[in-house]
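J.: My questions will all concern the structure given below.
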Amino acid sequence: MGKRRLLQSWAAVGLTAVMAVSAVLGAVPCGSQTVASAAVSGELAHVTVHDPSIVVGEDGTYYAFGTHITTAKSKDLANWTLCSNGYTTPNNTHFGNLSENLAESFKWAGKDDADCKGGYAVWAPDVFWNENYINKDGSKGAYMMYYSVSSTYCRSAIGYAVSKQIDRGYQYAGTLVYSGFTKVSARDKNSNIDKIYTNTNIYGLIANGTLKDGYNNNWSSGANYNTDYAPNAIDPTIFNDTEGRLWMTYGSWSGGIYLLEINPQTGAAIYPGKNGKTSDGRVIDEYFGTRIAGGHTLSGEGPFILYDEETEYYYLYVTYEYLDSVSGYNMRLFRSKKPEGPYLDAAGNSAVVNSNKDNHNKLGIKVMGNYEFENIPKAYKSPGHNSALIDKDGQRYLFYHTRFSNSGEYFELRVHQQFINEKGWPVTAVFENRGDSISKTGYTEKDIVGTYEFINHGTASNGSSVMSSEKIVLKSDGTIDGNVVGTWKEKENSYLATFVINGVTYYGVFFKQQDESYDHNQTMTFTAIGDNNETVWGVRNDSFESDDDEDEELQEGTVIELPSGEFYEVTKAGKNPTASYFEAKNKKVTKAEIPASVTLEGKKYKVTSISPDAFKDCKKLKTVTIGSNVNKIGKQAFYGCSSLKKIVIKTKKLKAGAIGKNAFHGVPKKIVVQAPKSKEKLYTKLIKSKR
């Protein structure tokens, strides 16, 4: 799967806006500004920066560098101004003559080739000041920009350029990692570039003995690049560890997210040189580095790692799914005590997947998904590809791009404050940053008690659907009533908060901040994370009245995860809605029941089918009960359930053609089928015929 196949379609929107602003401003220079920290009122100046990476200049100005060589600056992390001119060349703001400057990287990808035919594809740069870098004139210190160029879903490269100025004068310094190469001569559609590995730096690294294990056939054994194992070389970000070492994390979909050590004096990669495994079984590739997340073609891109001195954790952010407005792009969060990992989520799951059959949506704290509140003009959709910052004053921020409802593929940069909860996780404020300060001593009961709009972001990706808020009430006796029930508590003399909702404990904060209504009212909010990887948000709104009849209808094809961990898909919306049992909670389940009906986001759905592959390879499943409304069982639904001894069927609606191919392949021959007397012989015959 590719990362930005849609870039050509939304580039026309985003880049047109960028170029229009640049024309008006005359390619505004990224000059000096004085940083302010006061609360900001009034309308904010937003910008279209995709895949934002934050860096602070020596004068305190904040810069967000993004895809398509789009950069913005701010003095308050609320109002932004564009200060780049995209792919303009010559006289490119950052690179001068872009084609000549990055020519070595463009030999492989990113210029007038394949998916970027007729243009460029320079993506997701990361900029930082490296005091240890040795310049050509022998002086020390430079701003370093690590960038990626790409031509297809897997043929890409990561290079770097250096400058003494943060906003201009970057000169090419090297290309570190290539992807999409093959062992034999091959070419992509609409491309003249030969993908054979001898056209990358790998040939020389093998020849000089750096890659001691020689060519790794896991990369490509012929004319096809192995995306199950090897990464797509895009989205680089750089960080220092506590011992002063420099690291680069990168990758997208394909073989996952990888980590490479960087030489701080030269900026070049320090390749492992040997293939191996970490102590917890993760891949160490002699060229690509150590796998720290994802793999096996499952989605995950835009990695960013930030070390927090207060908690002594390295936090890894990764974004799941595809980036457009209808695919449910969403950020995930993991952490580790070591830069090399393993990185774990709040439930203790590793960020690395074992196979492409894994449900990666259960991995990682979901930071936020598609959502809307009454005081937000447009719903946020596909928020993702973030960076993060701990400022000099200790304040934490999250930076990401987001799309919006009824806005096509238009996107903007957003910044939210973050705070550390009692479990050492950064929780993200509900509304965008306006410089509001959290009360260190907490808030009064009068501030907190009242009616709230409540959203549980869950762990499943939202696709095109938007999560509407539900009504809850935080009462003075510490209980929660309404669409969810439980308890709440604020720690004495602190903003730290604890919520117990439907038996799950969430740790977070109360934060009174300006909302996103046109009046920007000061509004009490809460944000918290549970050990089930869910993020919950609340916005006080005493006039809010939820009306189930007016709630946004779940669309057909929407997949919802229940608190039990089971997944259901909406198969019919509107009147007499239906759903399908979509996926078991895990492969280790021993007993399962498909109910007659299920409640999804407050509405009752008849369960009329079992989806294809729903219980595939659940080898420990022993008994299953099929509800009275099921009239269809998808292909391979119980494929490989080798321990399934008994099926209890309550429905009378199954017919000869209603059970898919190999639906019961691999189940024991002596399986017991218990069904309504009039159907028992027929159902036994049908099930055994699908073995």
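Residue names in the structure tokens use chain letters A, B, ... in the order shown, residue numbers from 1 in each chain, and ligand numbers from 1 in the order shown.
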Run DSSP on the backbone of this structure and report the residues of stretch 417-600 of chain A it assigns to helix (DSSP H, G or I), as a count of residues only.
T.: 7
J.: List the spatial neighbours of stretch 120-126 of chain A as a PyMOL selection string - criterion: any atom at most 7 Å away, only C-alpha atoms, same-chain residues fewer than 6 positions off excluded.
T.: chain A and resi 51+53+65-69+110-112+145-150+235-237
J.: If you count only C-alpha atoms, which residues fall within 8 Å of stretch 436-452 of chain A, apart from same-chain ones fewer than 4 positions away, as a list in words?
T.: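 Surrounding residues, per the criterion: Ala38, Ala39, Val40, Lys471, Ile472, Val473, Leu474, Lys475, Ser476, Glu490, Lys491, Glu492, Asn493, Ser494, Tyr495, Leu496, Phe510, Phe511, Lys512, Gln513, Gln514, Met524, Gly538, Val539, Arg540, Asn541, Asp542, Ser543 and Phe544 of chain A.
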J.: Name all residues at most 7 Å from stretch 324-328 of chain A (count only C-alpha atoms; drop same-chain ones fewer than 6 positions away) and give them as a PyMOL selection string.
T.: chain A and resi 369-370+381-382+403+408-409+461-464
J.: Quick check for you: according to DSSP on this backbone, which residues of stretch 173-403 of chain A are classed as strand (DSSP E)? Reply as a count of residues only.
T.: 80
J.: What's around A:Arg291 at 6 Å? Count only C-alpha atoms, leave out sequence neighbours fewer than 3 positions away in its own chain, and write the answer as a ChimeraX atom specification.
T.: /A:257-258,283
J.: For C-alpha atoms, I'd like the residues from the last selection saved as a JSON list (two decimals), in the first residue's frame.
T.:
```json
[["chain", "number", "residue", "atom", "x", "y", "z"],
["A", 257, "ILE", "CA", 8.91, 1.86, 11.02],
["A", 258, "TYR", "CA", 12.69, 1.58, 11.40],
["A", 283, "VAL", "CA", 14.18, -7.35, 13.08]]
```
